[in-house]
>>> print(open('run02.txt').read())   # compact mmCIF, C-alpha atoms and all ligand atoms
# COMPACT_ATOMS: atom_id res chain seq x y z
CA MET A 16 5.36 13.06 3.28
CA ILE A 17 3.20 11.07 5.65
CA SER A 18 3.47 11.96 9.34
CA VAL A 19 1.90 9.75 11.96
CA ARG A 20 1.91 11.35 15.40
CA GLY A 21 1.07 9.39 18.50
CA VAL A 22 -1.69 7.35 16.88
CA THR A 23 -3.71 4.99 19.02
CA HIS A 24 -6.50 2.90 17.56
CA GLY A 25 -8.75 0.27 19.05
CA TYR A 26 -11.62 -1.92 17.95
CA GLY A 27 -13.90 -1.93 20.98
CA ASP A 28 -11.69 -2.59 24.02
CA ASP A 29 -8.97 -4.11 21.86
CA VAL A 30 -6.08 -1.63 21.43
CA VAL A 31 -4.51 -2.47 18.07
CA LEU A 32 -2.18 0.53 17.64
CA ALA A 33 -0.57 2.01 20.72
CA ASP A 34 0.99 5.48 20.41
CA VAL A 35 2.57 4.90 16.98
CA SER A 36 4.68 7.69 15.47
CA LEU A 37 6.56 7.61 12.19
CA THR A 38 7.37 9.77 9.19
CA VAL A 39 7.46 8.44 5.64
CA PRO A 40 9.44 10.79 3.39
CA ASP A 41 8.50 11.25 -0.27
CA GLY A 42 9.92 8.59 -2.55
CA GLU A 43 10.79 6.11 0.20
CA PHE A 44 10.43 2.36 -0.40
CA LEU A 45 9.16 1.25 2.99
CA VAL A 46 8.34 -2.27 4.06
CA LEU A 47 5.93 -2.63 6.92
CA ALA A 48 6.37 -6.08 8.40
CA GLY A 49 4.92 -7.96 11.34
CA ALA A 50 2.97 -11.06 12.23
CA ASN A 51 -0.69 -11.42 11.34
CA GLY A 52 -2.68 -9.24 13.70
CA SER A 53 0.23 -6.93 14.60
CA GLY A 54 -1.68 -3.90 13.29
CA LYS A 55 -0.16 -3.33 9.83
CA THR A 56 -3.41 -2.96 7.90
CA THR A 57 -4.94 -0.84 10.62
CA LEU A 58 -1.92 1.49 10.49
CA VAL A 59 -1.86 2.02 6.72
CA ARG A 60 -5.61 2.66 6.68
CA HIS A 61 -4.84 5.77 8.71
CA PHE A 62 -2.52 7.08 5.97
CA ASN A 63 -5.41 8.15 3.76
CA GLY A 64 -8.26 8.53 6.19
CA LEU A 65 -9.96 5.17 5.78
CA LEU A 66 -9.63 4.91 9.55
CA ALA A 67 -9.43 7.78 12.02
CA PRO A 68 -7.23 7.59 15.12
CA ASP A 69 -8.74 7.45 18.60
CA GLU A 70 -5.80 9.57 19.72
CA GLY A 71 -3.05 11.36 17.80
CA GLU A 72 -3.14 12.56 14.21
CA VAL A 73 -1.92 11.83 10.70
CA LEU A 74 -0.73 14.51 8.29
CA VAL A 75 -0.14 14.12 4.58
CA ASP A 76 2.09 16.78 3.05
CA GLY A 77 1.57 18.87 6.17
CA THR A 78 -2.25 18.81 6.15
CA PRO A 79 -4.15 16.80 8.77
CA VAL A 80 -5.96 13.96 7.00
CA ALA A 81 -9.08 14.77 9.02
CA ASP A 82 -9.15 18.29 7.50
CA ASP A 83 -8.89 17.16 3.88
CA PRO A 84 -9.60 13.45 3.36
CA VAL A 85 -9.91 13.87 -0.43
CA ALA A 86 -6.39 15.32 -0.66
CA ALA A 87 -5.08 12.44 1.47
CA ARG A 88 -6.79 9.86 -0.72
CA THR A 89 -5.33 11.50 -3.80
CA ALA A 90 -1.81 11.65 -2.34
CA VAL A 91 -1.79 8.14 -0.89
CA GLY A 92 -3.03 5.36 -3.18
CA MET A 93 -4.05 2.02 -1.69
CA VAL A 94 -4.14 -1.43 -3.21
CA PHE A 95 -5.91 -3.73 -0.84
CA GLN A 96 -5.24 -7.28 0.10
CA GLU A 97 -6.88 -9.67 -2.38
CA PRO A 98 -8.06 -6.89 -4.69
CA ARG A 99 -8.92 -9.45 -7.31
CA ASP A 100 -12.56 -9.66 -6.25
CA ALA A 101 -13.07 -5.97 -5.53
CA PHE A 102 -13.43 -4.37 -8.93
CA VAL A 103 -16.08 -1.75 -9.51
CA ALA A 104 -16.45 -2.15 -13.28
CA ALA A 105 -16.56 -4.98 -15.80
CA THR A 106 -13.72 -3.84 -18.05
CA VAL A 107 -10.12 -2.92 -17.33
CA GLY A 108 -10.41 0.66 -18.63
CA ALA A 109 -13.66 1.40 -16.83
CA ASP A 110 -12.29 0.14 -13.54
CA VAL A 111 -9.08 2.17 -13.76
CA ALA A 112 -11.11 5.27 -14.74
CA PHE A 113 -13.29 5.05 -11.63
CA GLY A 114 -10.98 7.02 -9.28
CA PRO A 115 -10.22 9.87 -11.71
CA GLU A 116 -13.93 10.09 -12.57
CA ASN A 117 -14.69 10.57 -8.90
CA LEU A 118 -12.18 13.42 -8.81
CA GLY A 119 -14.41 15.10 -11.41
CA LEU A 120 -11.65 15.33 -14.01
CA ALA A 121 -12.41 16.06 -17.69
CA ARG A 122 -12.70 13.05 -20.03
CA PRO A 123 -9.45 13.68 -21.97
CA GLU A 124 -7.52 13.93 -18.71
CA ILE A 125 -9.15 10.72 -17.48
CA ASP A 126 -8.29 8.94 -20.72
CA ASP A 127 -4.67 10.11 -20.46
CA ARG A 128 -4.39 8.89 -16.91
CA VAL A 129 -5.95 5.52 -17.67
CA GLY A 130 -3.59 5.06 -20.63
CA ASP A 131 -0.52 6.01 -18.58
CA ALA A 132 -1.55 3.86 -15.62
CA LEU A 133 -2.15 0.78 -17.78
CA ALA A 134 1.13 1.31 -19.61
CA GLY A 135 2.81 1.61 -16.22
CA VAL A 136 1.72 -1.90 -15.27
CA GLY A 137 2.36 -3.48 -18.66
CA LEU A 138 -1.32 -3.62 -19.67
CA ALA A 139 -1.35 -1.03 -22.45
CA GLY A 140 -3.89 -1.97 -25.11
CA ARG A 141 -5.95 -4.15 -22.71
CA ARG A 142 -8.46 -1.41 -21.81
CA ASP A 143 -11.51 -3.10 -23.27
CA GLU A 144 -10.89 -6.56 -21.84
CA ARG A 145 -13.24 -8.02 -19.28
CA ILE A 146 -11.66 -8.24 -15.82
CA ASP A 147 -13.23 -11.63 -15.17
CA ARG A 148 -11.16 -13.07 -18.04
CA LEU A 149 -7.82 -11.93 -16.55
CA SER A 150 -5.38 -13.97 -14.50
CA GLY A 151 -4.77 -13.23 -10.82
CA GLY A 152 -1.52 -11.42 -11.62
CA GLU A 153 -3.18 -9.32 -14.30
CA ARG A 154 -5.99 -8.41 -11.91
CA GLU A 155 -3.46 -7.33 -9.32
CA ARG A 156 -1.86 -5.09 -11.95
CA VAL A 157 -5.28 -3.61 -12.83
CA ALA A 158 -5.74 -2.80 -9.14
CA ILE A 159 -2.32 -1.12 -9.08
CA ALA A 160 -3.22 0.81 -12.25
CA GLY A 161 -6.42 2.00 -10.57
CA ALA A 162 -4.35 3.48 -7.74
CA LEU A 163 -1.76 4.92 -10.14
CA ALA A 164 -4.44 6.71 -12.15
CA MET A 165 -4.87 8.96 -9.11
CA ARG A 166 -1.18 9.93 -9.56
CA PRO A 167 -0.42 9.36 -5.88
CA GLY A 168 2.84 10.41 -4.24
CA HIS A 169 2.81 7.18 -2.21
CA LEU A 170 1.41 3.82 -3.22
CA VAL A 171 0.48 1.43 -0.41
CA LEU A 172 0.10 -2.27 -1.23
CA ASP A 173 -1.30 -4.56 1.45
CA GLU A 174 0.05 -8.13 1.03
CA PRO A 175 0.34 -7.73 -2.75
CA PHE A 176 1.96 -11.10 -3.39
CA THR A 177 -0.57 -13.37 -1.70
CA GLY A 178 -1.70 -16.03 -4.10
CA LEU A 179 0.41 -14.82 -7.03
CA ASP A 180 2.52 -17.32 -8.91
CA GLU A 181 6.19 -16.67 -9.55
CA PRO A 182 5.89 -14.86 -12.94
CA ALA A 183 3.06 -12.65 -11.64
CA ARG A 184 5.07 -11.80 -8.52
CA ARG A 185 8.09 -10.88 -10.60
CA SER A 186 5.95 -8.72 -12.85
CA VAL A 187 4.42 -6.81 -9.92
CA LEU A 188 7.88 -6.38 -8.35
CA ALA A 189 9.26 -5.01 -11.62
CA ARG A 190 6.45 -2.42 -11.69
CA LEU A 191 7.18 -1.42 -8.11
CA ASP A 192 10.87 -0.98 -8.96
CA GLU A 193 9.97 1.25 -11.89
CA LEU A 194 7.61 3.34 -9.82
CA HIS A 195 10.18 3.76 -7.08
CA ALA A 196 12.85 4.71 -9.62
CA GLY A 197 10.43 7.31 -10.99
CA GLY A 198 10.05 8.93 -7.56
CA THR A 199 6.82 7.40 -6.25
CA GLY A 200 6.93 6.30 -2.63
CA VAL A 201 6.16 2.59 -2.29
CA ILE A 202 4.87 1.11 0.96
CA VAL A 203 4.52 -2.66 1.01
CA VAL A 204 2.70 -4.35 3.89
CA THR A 205 3.81 -7.94 4.29
CA HIS A 206 4.65 -10.70 6.73
CA ASP A 207 7.04 -12.26 4.22
CA LEU A 208 10.18 -10.29 3.44
CA ARG A 209 11.65 -12.53 0.74
CA ASP A 210 11.02 -10.27 -2.25
CA VAL A 211 11.24 -6.88 -0.64
CA PHE A 212 14.08 -7.06 1.88
CA ASP A 213 16.77 -6.04 -0.60
CA ARG A 214 14.58 -3.48 -2.34
CA ALA A 215 13.46 -1.45 0.65
CA ASP A 216 15.09 1.76 1.83
CA ARG A 217 13.62 1.14 5.23
CA LEU A 218 11.92 -1.59 7.19
CA ILE A 219 9.50 -1.10 10.04
CA ALA A 220 8.27 -4.09 12.00
CA LEU A 221 5.18 -3.89 14.16
CA SER A 222 4.65 -6.11 17.14
CA ASP A 223 1.41 -5.91 19.12
CA GLY A 224 0.58 -2.51 17.69
CA ARG A 225 3.93 -0.90 18.44
CA ILE A 226 6.98 -0.20 16.31
CA ALA A 227 9.49 -2.87 17.34
CA VAL A 228 12.11 -2.29 14.63
CA ASP A 229 12.81 0.68 12.33
CA GLY A 230 15.84 1.07 10.08
CA ALA A 231 17.63 0.10 6.89
CA PRO A 232 16.97 -3.61 6.25
CA ALA A 233 20.60 -4.67 6.37
CA ALA A 234 21.10 -2.78 9.63
CA VAL A 235 18.10 -4.31 11.41
CA ARG A 236 18.41 -7.90 10.16
CA GLU A 237 19.54 -9.21 13.59
CA GLU A 238 16.73 -7.43 15.42
CA LEU A 239 14.16 -9.22 13.28
CA THR A 240 15.17 -12.69 14.38
CA ASP A 241 13.21 -12.30 17.63
CA LEU A 242 10.00 -11.56 15.75
CA PRO A 243 7.74 -14.02 13.92
CA ILE A 244 8.78 -12.61 10.55
CA ARG A 245 10.32 -14.64 7.76
CA VAL A 246 13.68 -13.02 6.98
CA PRO A 247 15.66 -14.02 3.87
CA GLY A 248 19.21 -15.25 4.40
CA PRO A 249 22.18 -12.97 3.61
CA ARG A 250 23.28 -13.03 -0.04
P1 LIG B 1 -2.28 -7.12 10.35
O1 LIG B 1 -2.52 -6.29 9.13
O2 LIG B 1 -0.92 -6.91 10.93
O3 LIG B 1 -2.59 -8.57 10.16
P2 LIG B 1 -4.66 -5.84 11.39
O4 LIG B 1 -4.43 -4.38 11.47
O5 LIG B 1 -5.44 -6.37 10.24
O6 LIG B 1 -3.25 -6.58 11.49
O7 LIG B 1 -5.39 -6.34 12.69
C1 LIG B 1 -4.90 -6.07 13.99
C2 LIG B 1 -5.87 -6.59 15.03
O8 LIG B 1 -7.10 -5.90 14.93
C3 LIG B 1 -6.22 -8.07 14.84
O9 LIG B 1 -6.32 -8.64 16.12
C4 LIG B 1 -7.55 -8.03 14.16
O10 LIG B 1 -8.31 -9.16 14.48
C5 LIG B 1 -8.18 -6.78 14.70
N1 LIG B 1 -9.10 -6.14 13.74
C6 LIG B 1 -8.77 -5.72 12.50
N2 LIG B 1 -9.82 -5.14 11.88
C7 LIG B 1 -10.86 -5.20 12.76
C8 LIG B 1 -12.21 -4.77 12.74
N3 LIG B 1 -12.73 -4.15 11.68
N4 LIG B 1 -12.96 -4.98 13.85
C9 LIG B 1 -12.44 -5.59 14.93
N5 LIG B 1 -11.17 -6.01 15.03
C10 LIG B 1 -10.38 -5.84 13.97
>>> encode(input="run02.txt", output="structure tokens", more="lines below")
Ligand code: ADP
Amino acid sequence: MISVRGVTHGYGDDVVLADVSLTVPDGEFLVLAGANGSGKTTLVRHFNGLLAPDEGEVLVDGTPVADDPVAARTAVGMVFQEPRDAFVAATVGADVAFGPENLGLARPEIDDRVGDALAGVGLAGRRDERIDRLSGGERERVAIAGALAMRPGHLVLDEPFTGLDEPARRSVLARLDELHAGGTGVIVVTHDLRDVFDRADRLIALSDGRIAVDGAPAAVREELTDLPIRVPGPR
């Protein structure tokens, strides 16, 4: 469980998150929506200690992130926006192994995790391939595998569909569905709700660094029309 309590964050004099509180239960599929600049990325970077609040606190599974940042980073995996240029190793397997290696795990355990994570994104058997030969969609899946190899309780994906073509988007969505069905919490940051509106258990919309909307997608559909968020039509 991720608990955000009264978090305020600014860059210089610019207050980007203003007294934000929310709880993300285990296993929840949460969509975090909002216009560009509304504070989405800044908020999720607090979930695993990449950013520290100016005021308030964040707890993961009951422990303040500030007290145990390694535990928070293990419990909350992050796949960043445009991960396709941010790989640490030349091959698929070496890149996915990077996180578990940093946890100091034994080699057989690392190999198991890398194998499971690659299978989980449909890239089993591609361990030795060079990342620079992969398509954008495959690179995105390698980035997801890298986060999965940490066996996180929650997986955060920041704008995961940007620049992906239709088949790649469908493939990433299918992986997210499988993960969610298997009990992993999925948190998708996006300004475009097309693919995720019907999948999410809950939708939170930020506006100017505050929570403007919070509820089940179908229940909050009307409230979203006042915000600069693209909402899919009813089916
Ligand atoms: P979103 O993810 O919703 O687009 P962000 O959290 O990325 O929003 O950004 C919120 C605001 O904070 C924006 O106005 C952005 O320009 C500003 N901002 C983000 N990161 C930094 C930074 N490292 N330094 C200064 N300002 C930043």
>>> residues_around(input="run02.txt", residues="segment 56-64 of chain A", least_positions_apart="4", cutoff="9 Å", atoms="only C-alpha atoms", output="PDB file with C-alpha atoms, in the coordinates of the input")
ATOM      1  CA  ILE A  17       3.200  11.070   5.650  1.00  0.00           C
ATOM      2  CA  SER A  18       3.470  11.960   9.340  1.00  0.00           C
ATOM      3  CA  VAL A  19       1.900   9.750  11.960  1.00  0.00           C
ATOM      4  CA  VAL A  22      -1.690   7.350  16.880  1.00  0.00           C
ATOM      5  CA  HIS A  24      -6.500   2.900  17.560  1.00  0.00           C
ATOM      6  CA  VAL A  31      -4.510  -2.470  18.070  1.00  0.00           C
ATOM      7  CA  LEU A  32      -2.180   0.530  17.640  1.00  0.00           C
ATOM      8  CA  VAL A  35       2.570   4.900  16.980  1.00  0.00           C
ATOM      9  CA  GLY A  52      -2.680  -9.240  13.700  1.00  0.00           C
ATOM     10  CA  PRO A  68      -7.230   7.590  15.120  1.00  0.00           C
ATOM     11  CA  GLU A  72      -3.140  12.560  14.210  1.00  0.00           C
ATOM     12  CA  VAL A  73      -1.920  11.830  10.700  1.00  0.00           C
ATOM     13  CA  LEU A  74      -0.730  14.510   8.290  1.00  0.00           C
ATOM     14  CA  VAL A  75      -0.140  14.120   4.580  1.00  0.00           C
ATOM     15  CA  VAL A  80      -5.960  13.960   7.000  1.00  0.00           C
ATOM     16  CA  ALA A  81      -9.080  14.770   9.020  1.00  0.00           C
ATOM     17  CA  ASP A  83      -8.890  17.160   3.880  1.00  0.00           C
ATOM     18  CA  PRO A  84      -9.600  13.450   3.360  1.00  0.00           C
ATOM     19  CA  VAL A  85      -9.910  13.870  -0.430  1.00  0.00           C
ATOM     20  CA  ALA A  86      -6.390  15.320  -0.660  1.00  0.00           C
ATOM     21  CA  ALA A  87      -5.080  12.440   1.470  1.00  0.00           C
ATOM     22  CA  ARG A  88      -6.790   9.860  -0.720  1.00  0.00           C
ATOM     23  CA  THR A  89      -5.330  11.500  -3.800  1.00  0.00           C
ATOM     24  CA  ALA A  90      -1.810  11.650  -2.340  1.00  0.00           C
ATOM     25  CA  VAL A  91      -1.790   8.140  -0.890  1.00  0.00           C
ATOM     26  CA  GLY A  92      -3.030   5.360  -3.180  1.00  0.00           C
ATOM     27  CA  MET A  93      -4.050   2.020  -1.690  1.00  0.00           C
ATOM     28  CA  VAL A 171       0.480   1.430  -0.410  1.00  0.00           C
ATOM     29  CA  ASP A 173      -1.300  -4.560   1.450  1.00  0.00           C
ATOM     30  CA  ILE A 202       4.870   1.110   0.960  1.00  0.00           C
ATOM     31  CA  VAL A 204       2.700  -4.350   3.890  1.00  0.00           C
ATOM     32  CA  GLY A 224       0.580  -2.510  17.690  1.00  0.00           C
TER      33      GLY A 224
END
>>> atom_distance(input="run02.txt", atom1="atom CA of Gly42 of chain A", atom2="atom N2 of ligand LIG 1 (chain B)")
28.0 Å
>>> residues_near_ligand(input="run02.txt", ligand="ligand LIG 1 (chain B)", cutoff="12 Å", atoms="only C-alpha atoms and all ligand atoms", output="ChimeraX atom specification")
/A:24-33,47-61,65-66,95-96,172-174,203-207,219-226,243-244
>>> closest_residue(input="run02.txt", among="A:Gly71, A:Gly135, A:Gly178, A:Pro247", to="Ala162 of chain A", atoms="all atoms listed in the file")
A:Gly135
>>> closest_residue(input="run02.txt", among="A:Val246, A:Val94, A:Ala121, A:Leu149", to="Val107 of chain A", atoms="only C-alpha atoms")
A:Leu149
>>> residues_around(input="run02.txt", residues="Gly161 of chain A", least_positions_apart="4", cutoff="8 Å", atoms="only C-alpha atoms", output="list in words")
Asp110, Val111, Ala112, Phe113, Gly114, Val129, Ala132, Val157 and Met165 of chain A
